[in-house]
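The data block below is start03.pdb; it holds PDB, C-alpha atoms.
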MODEL        1
ATOM      1  CA  MET A  15     153.480 114.925 148.521  1.00  0.00           C
ATOM      2  CA  ALA A  16     155.123 114.490 151.895  1.00  0.00           C
ATOM      3  CA  GLY A  17     153.939 114.381 155.451  1.00  0.00           C
ATOM      4  CA  VAL A  18     155.252 112.927 158.687  1.00  0.00           C
ATOM      5  CA  SER A  19     153.563 111.981 161.945  1.00  0.00           C
ATOM      6  CA  PHE A  20     154.342 114.426 164.734  1.00  0.00           C
ATOM      7  CA  ASP A  21     155.975 111.691 166.811  1.00  0.00           C
ATOM      8  CA  LYS A  22     158.454 110.680 164.070  1.00  0.00           C
ATOM      9  CA  ASN A  23     161.813 112.127 162.990  1.00  0.00           C
ATOM     10  CA  ALA A  24     160.906 114.362 160.031  1.00  0.00           C
ATOM     11  CA  ASP A  25     164.518 114.988 158.987  1.00  0.00           C
ATOM     12  CA  GLU A  26     165.292 111.284 158.814  1.00  0.00           C
ATOM     13  CA  ILE A  27     162.142 110.280 156.936  1.00  0.00           C
ATOM     14  CA  VAL A  28     162.212 113.168 154.489  1.00  0.00           C
ATOM     15  CA  ALA A  29     165.948 112.720 153.822  1.00  0.00           C
ATOM     16  CA  ALA A  30     165.153 109.281 152.410  1.00  0.00           C
ATOM     17  CA  LEU A  31     162.443 110.629 150.090  1.00  0.00           C
ATOM     18  CA  ALA A  32     162.977 114.255 149.077  1.00  0.00           C
ATOM     19  CA  PRO A  33     166.161 113.878 146.982  1.00  0.00           C
ATOM     20  CA  SER A  34     164.174 111.826 144.444  1.00  0.00           C
ATOM     21  CA  PHE A  35     161.726 114.624 143.596  1.00  0.00           C
ATOM     22  CA  ASP A  36     161.977 118.091 142.074  1.00  0.00           C
ATOM     23  CA  THR A  37     158.605 119.216 143.443  1.00  0.00           C
ATOM     24  CA  VAL A  38     157.295 118.404 146.917  1.00  0.00           C
ATOM     25  CA  ILE A  39     153.984 119.382 148.486  1.00  0.00           C
ATOM     26  CA  CYS A  40     154.224 119.387 152.268  1.00  0.00           C
ATOM     27  CA  THR A  41     151.059 118.867 154.259  1.00  0.00           C
ATOM     28  CA  SER A  42     149.796 117.546 157.543  1.00  0.00           C
ATOM     29  CA  ALA A  43     147.485 114.594 157.992  1.00  0.00           C
ATOM     30  CA  HIS A  44     144.524 115.344 160.239  1.00  0.00           C
ATOM     31  CA  HIS A  45     145.550 112.345 162.342  1.00  0.00           C
ATOM     32  CA  LYS A  46     148.959 112.756 164.009  1.00  0.00           C
ATOM     33  CA  GLY A  47     150.346 115.058 161.309  1.00  0.00           C
ATOM     34  CA  ALA A  48     153.497 117.049 162.013  1.00  0.00           C
ATOM     35  CA  ASP A  49     153.484 120.784 161.431  1.00  0.00           C
ATOM     36  CA  THR A  50     153.812 121.541 157.708  1.00  0.00           C
ATOM     37  CA  LYS A  51     156.626 124.035 158.321  1.00  0.00           C
ATOM     38  CA  THR A  52     158.635 121.301 160.044  1.00  0.00           C
ATOM     39  CA  VAL A  53     158.143 118.987 157.070  1.00  0.00           C
ATOM     40  CA  ALA A  54     158.982 121.764 154.586  1.00  0.00           C
ATOM     41  CA  ALA A  55     162.178 122.623 156.481  1.00  0.00           C
ATOM     42  CA  ALA A  56     163.210 118.963 156.329  1.00  0.00           C
ATOM     43  CA  VAL A  57     162.527 118.892 152.563  1.00  0.00           C
ATOM     44  CA  ARG A  58     164.560 122.049 151.966  1.00  0.00           C
ATOM     45  CA  LYS A  59     167.416 120.595 154.014  1.00  0.00           C
ATOM     46  CA  ALA A  60     167.353 117.261 152.148  1.00  0.00           C
ATOM     47  CA  ASN A  61     166.809 118.720 148.672  1.00  0.00           C
ATOM     48  CA  PRO A  62     167.554 122.457 148.399  1.00  0.00           C
ATOM     49  CA  GLN A  63     166.815 122.433 144.647  1.00  0.00           C
ATOM     50  CA  ALA A  64     163.239 121.154 145.038  1.00  0.00           C
ATOM     51  CA  THR A  65     160.258 123.423 144.576  1.00  0.00           C
ATOM     52  CA  VAL A  66     158.367 123.231 147.865  1.00  0.00           C
ATOM     53  CA  HIS A  67     154.652 123.913 148.256  1.00  0.00           C
ATOM     54  CA  ILE A  68     153.001 124.058 151.668  1.00  0.00           C
ATOM     55  CA  ALA A  69     149.384 122.993 152.067  1.00  0.00           C
ATOM     56  CA  ALA A  70     147.723 123.569 155.425  1.00  0.00           C
ATOM     57  CA  ALA A  71     145.547 120.456 155.125  1.00  0.00           C
ATOM     58  CA  ILE A  72     145.212 117.358 152.996  1.00  0.00           C
ATOM     59  CA  GLU A  73     142.319 118.866 151.044  1.00  0.00           C
ATOM     60  CA  GLU A  74     144.496 121.755 149.851  1.00  0.00           C
ATOM     61  CA  ALA A  75     147.372 119.365 149.106  1.00  0.00           C
ATOM     62  CA  ILE A  76     145.124 117.289 146.868  1.00  0.00           C
ATOM     63  CA  SER A  77     144.051 120.365 144.944  1.00  0.00           C
ATOM     64  CA  ILE A  78     147.648 121.496 144.440  1.00  0.00           C
ATOM     65  CA  SER A  79     148.908 118.024 143.533  1.00  0.00           C
ATOM     66  CA  GLN A  80     146.147 117.368 141.011  1.00  0.00           C
ATOM     67  CA  ARG A  81     146.652 120.755 139.373  1.00  0.00           C
ATOM     68  CA  LEU A  82     150.426 120.280 139.120  1.00  0.00           C
ATOM     69  CA  ALA A  83     150.115 116.687 137.895  1.00  0.00           C
ATOM     70  CA  ALA A  84     147.697 117.695 135.141  1.00  0.00           C
ATOM     71  CA  SER A  85     149.659 120.747 134.007  1.00  0.00           C
ATOM     72  CA  GLN A  86     153.034 118.971 134.049  1.00  0.00           C
ATOM     73  CA  HIS A  87     151.788 115.558 132.847  1.00  0.00           C
ATOM     74  CA  ARG A  88     153.112 113.811 135.946  1.00  0.00           C
ATOM     75  CA  LYS A  89     151.979 111.267 138.476  1.00  0.00           C
ATOM     76  CA  ILE A  90     151.370 111.993 142.156  1.00  0.00           C
ATOM     77  CA  TYR A  91     153.443 110.156 144.768  1.00  0.00           C
ATOM     78  CA  VAL A  92     152.153 110.350 148.331  1.00  0.00           C
ATOM     79  CA  ALA A  93     154.752 109.477 150.967  1.00  0.00           C
ATOM     80  CA  GLY A  94     155.774 110.014 154.508  1.00  0.00           C
ATOM     81  CA  GLY A  95     153.203 108.068 156.407  1.00  0.00           C
ATOM     82  CA  LEU A  96     150.269 105.706 156.387  1.00  0.00           C
ATOM     83  CA  PHE A  97     147.866 108.291 157.806  1.00  0.00           C
ATOM     84  CA  LEU A  98     148.697 110.766 155.046  1.00  0.00           C
ATOM     85  CA  ALA A  99     148.346 108.154 152.301  1.00  0.00           C
ATOM     86  CA  VAL A 100     145.001 106.906 153.596  1.00  0.00           C
ATOM     87  CA  GLU A 101     143.640 110.420 154.069  1.00  0.00           C
ATOM     88  CA  TYR A 102     144.774 111.351 150.551  1.00  0.00           C
ATOM     89  CA  ALA A 103     143.036 108.323 149.026  1.00  0.00           C
ATOM     90  CA  VAL A 104     139.805 108.935 150.950  1.00  0.00           C
ATOM     91  CA  VAL A 105     139.589 112.661 150.171  1.00  0.00           C
ATOM     92  CA  ALA A 106     140.637 112.244 146.525  1.00  0.00           C
ATOM     93  CA  ASN A 107     137.738 109.815 146.158  1.00  0.00           C
ATOM     94  CA  GLY A 108     135.169 112.189 147.653  1.00  0.00           C
ATOM     95  CA  GLY A 109     135.370 111.258 151.332  1.00  0.00           C
ATOM     96  CA  ARG A 110     136.319 113.289 154.367  1.00  0.00           C
ATOM     97  CA  ALA A 111     139.572 112.789 156.234  1.00  0.00           C
ATOM     98  CA  LEU A 112     137.951 113.962 159.460  1.00  0.00           C
ATOM     99  CA  ASP A 113     135.528 111.032 159.272  1.00  0.00           C
ATOM    100  CA  LEU A 114     138.340 108.470 159.447  1.00  0.00           C
ATOM    101  CA  ARG A 115     138.831 106.592 162.710  1.00  0.00           C
ATOM    102  CA  PHE A 116     142.216 104.874 162.824  1.00  0.00           C
ATOM    103  CA  PHE A 117     141.969 103.604 166.399  1.00  0.00           C
TER
ENDMDL
END
As structure tokens, please, write out the structure in this file.
Amino acid sequence: MAGVSFDKNADEIVAALAPSFDTVICTSAHHKGADTKTVAAAVRKANPQATVHIAAAIEEAISISQRLAASQHRKIYVAGGLFLAVEYAVVANGGRALDLRFF
């Protein structure tokens, strides 16, 4: 799963990550998340062979990632930013990303 803060260079960050994966779920953290289409475009540029899924919010991304991980017997790797990783962990454990206060 990949996400980038809106004030960061998506192409640069994703270029370091996307080539290592054949499936990438692009999403946007509630806090400072870049547009998912921007992240997906960066993934497609960095790894044209990857299967790209777009999830409008972290909750949808978790659902997609858990379904794919179970059906393909794989692990989930969450990358691209601290906000995304924290939101993923909170929501996957029953919390709400919107309840998080980073600052």
Q. Using all atoms listed in the file, which of A:Ala75, A:Val100, A:Val18, A:Ile68 sits nearest A:Leu112?
A.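 Closest candidate: A:Val100.
Ranking A:Ala83, A:Ile39, A:Leu96, A:Glu101 by their shortest atom-to-atom distance to A:Ala54, with all atoms listed in the file included, puts A:Ile39 first.
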Q | Neighbour list for A:Thr65 as a PyMOL selection string, cut-off 12 Å, all atoms listed in the file, skip fewer than 3 positions in-chain | A | chain A and resi 15+32-33+35-40+54+57-58+61-62+68+82
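A straight line drawn from atom CA of A:Val92 to atom CA of A:Glu73 is 13.3 Å long.
Atom CA of A:Leu114 is positioned 17.2 Å from atom CA of A:Gly17.
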With the input short on atoms, add all heavy atoms back to stretch 51-62 of chain A and write it as a short mmCIF file (atom, residue, chain, number, x, y, z; two decimals), keeping the file's coordinate frame.
data_model
loop_
_atom_site.label_atom_id
_atom_site.label_comp_id
_atom_site.auth_asym_id
_atom_site.auth_seq_id
_atom_site.Cartn_x
_atom_site.Cartn_y
_atom_site.Cartn_z
N LYS A 51 155.36 123.29 158.40
CA LYS A 51 156.63 124.04 158.32
C LYS A 51 157.80 123.15 158.72
O LYS A 51 158.89 123.28 158.17
CB LYS A 51 156.55 125.30 159.18
CG LYS A 51 155.59 126.33 158.62
CD LYS A 51 155.49 127.53 159.51
CE LYS A 51 154.43 128.47 158.95
NZ LYS A 51 154.13 129.56 159.87
N THR A 52 157.59 122.25 159.64
CA THR A 52 158.64 121.30 160.04
C THR A 52 158.97 120.38 158.88
O THR A 52 160.15 120.13 158.59
CB THR A 52 158.17 120.47 161.26
OG1 THR A 52 157.90 121.35 162.34
CG2 THR A 52 159.20 119.44 161.66
N VAL A 53 157.94 119.88 158.22
CA VAL A 53 158.14 118.99 157.07
C VAL A 53 158.83 119.75 155.94
O VAL A 53 159.78 119.25 155.32
CB VAL A 53 156.81 118.37 156.60
CG1 VAL A 53 157.01 117.50 155.37
CG2 VAL A 53 156.16 117.57 157.73
N ALA A 54 158.38 120.96 155.66
CA ALA A 54 158.98 121.76 154.59
C ALA A 54 160.45 122.07 154.88
O ALA A 54 161.29 122.02 153.97
CB ALA A 54 158.20 123.06 154.39
N ALA A 55 160.78 122.36 156.12
CA ALA A 55 162.18 122.62 156.48
C ALA A 55 163.03 121.38 156.25
O ALA A 55 164.16 121.47 155.75
CB ALA A 55 162.27 123.07 157.93
N ALA A 56 162.48 120.22 156.56
CA ALA A 56 163.21 118.96 156.33
C ALA A 56 163.41 118.72 154.84
O ALA A 56 164.47 118.26 154.41
CB ALA A 56 162.45 117.80 156.97
N VAL A 57 162.40 119.05 154.02
CA VAL A 57 162.53 118.89 152.56
C VAL A 57 163.60 119.83 152.03
O VAL A 57 164.48 119.41 151.26
CB VAL A 57 161.18 119.16 151.84
CG1 VAL A 57 161.38 119.25 150.34
CG2 VAL A 57 160.17 118.08 152.19
N ARG A 58 163.57 121.07 152.45
CA ARG A 58 164.56 122.05 151.97
C ARG A 58 165.98 121.65 152.37
O ARG A 58 166.93 121.88 151.63
CB ARG A 58 164.21 123.44 152.47
CG ARG A 58 162.97 124.00 151.79
CD ARG A 58 162.67 125.43 152.23
NE ARG A 58 161.48 125.93 151.56
CZ ARG A 58 160.32 126.14 152.16
NH1 ARG A 58 160.19 125.93 153.47
NH2 ARG A 58 159.28 126.58 151.48
N LYS A 59 166.11 121.06 153.54
CA LYS A 59 167.42 120.60 154.01
C LYS A 59 167.89 119.40 153.18
O LYS A 59 169.06 119.33 152.80
CB LYS A 59 167.30 120.20 155.49
CG LYS A 59 168.57 119.72 156.12
CD LYS A 59 168.32 119.43 157.60
CE LYS A 59 169.51 118.82 158.27
NZ LYS A 59 169.22 118.50 159.68
N ALA A 60 167.00 118.48 152.88
CA ALA A 60 167.35 117.26 152.15
C ALA A 60 167.51 117.48 150.65
O ALA A 60 168.28 116.78 149.99
CB ALA A 60 166.30 116.18 152.39
N ASN A 61 166.78 118.46 150.12
CA ASN A 61 166.81 118.72 148.67
C ASN A 61 166.61 120.21 148.42
O ASN A 61 165.50 120.65 148.08
CB ASN A 61 165.72 117.90 147.97
CG ASN A 61 165.78 118.01 146.47
OD1 ASN A 61 166.55 118.80 145.92
ND2 ASN A 61 164.95 117.24 145.79
N PRO A 62 167.67 121.01 148.55
CA PRO A 62 167.55 122.46 148.40
C PRO A 62 167.08 122.90 147.01
O PRO A 62 166.57 124.01 146.87
CB PRO A 62 168.97 122.97 148.67
CG PRO A 62 169.68 121.87 149.37
CD PRO A 62 169.01 120.59 148.93
#
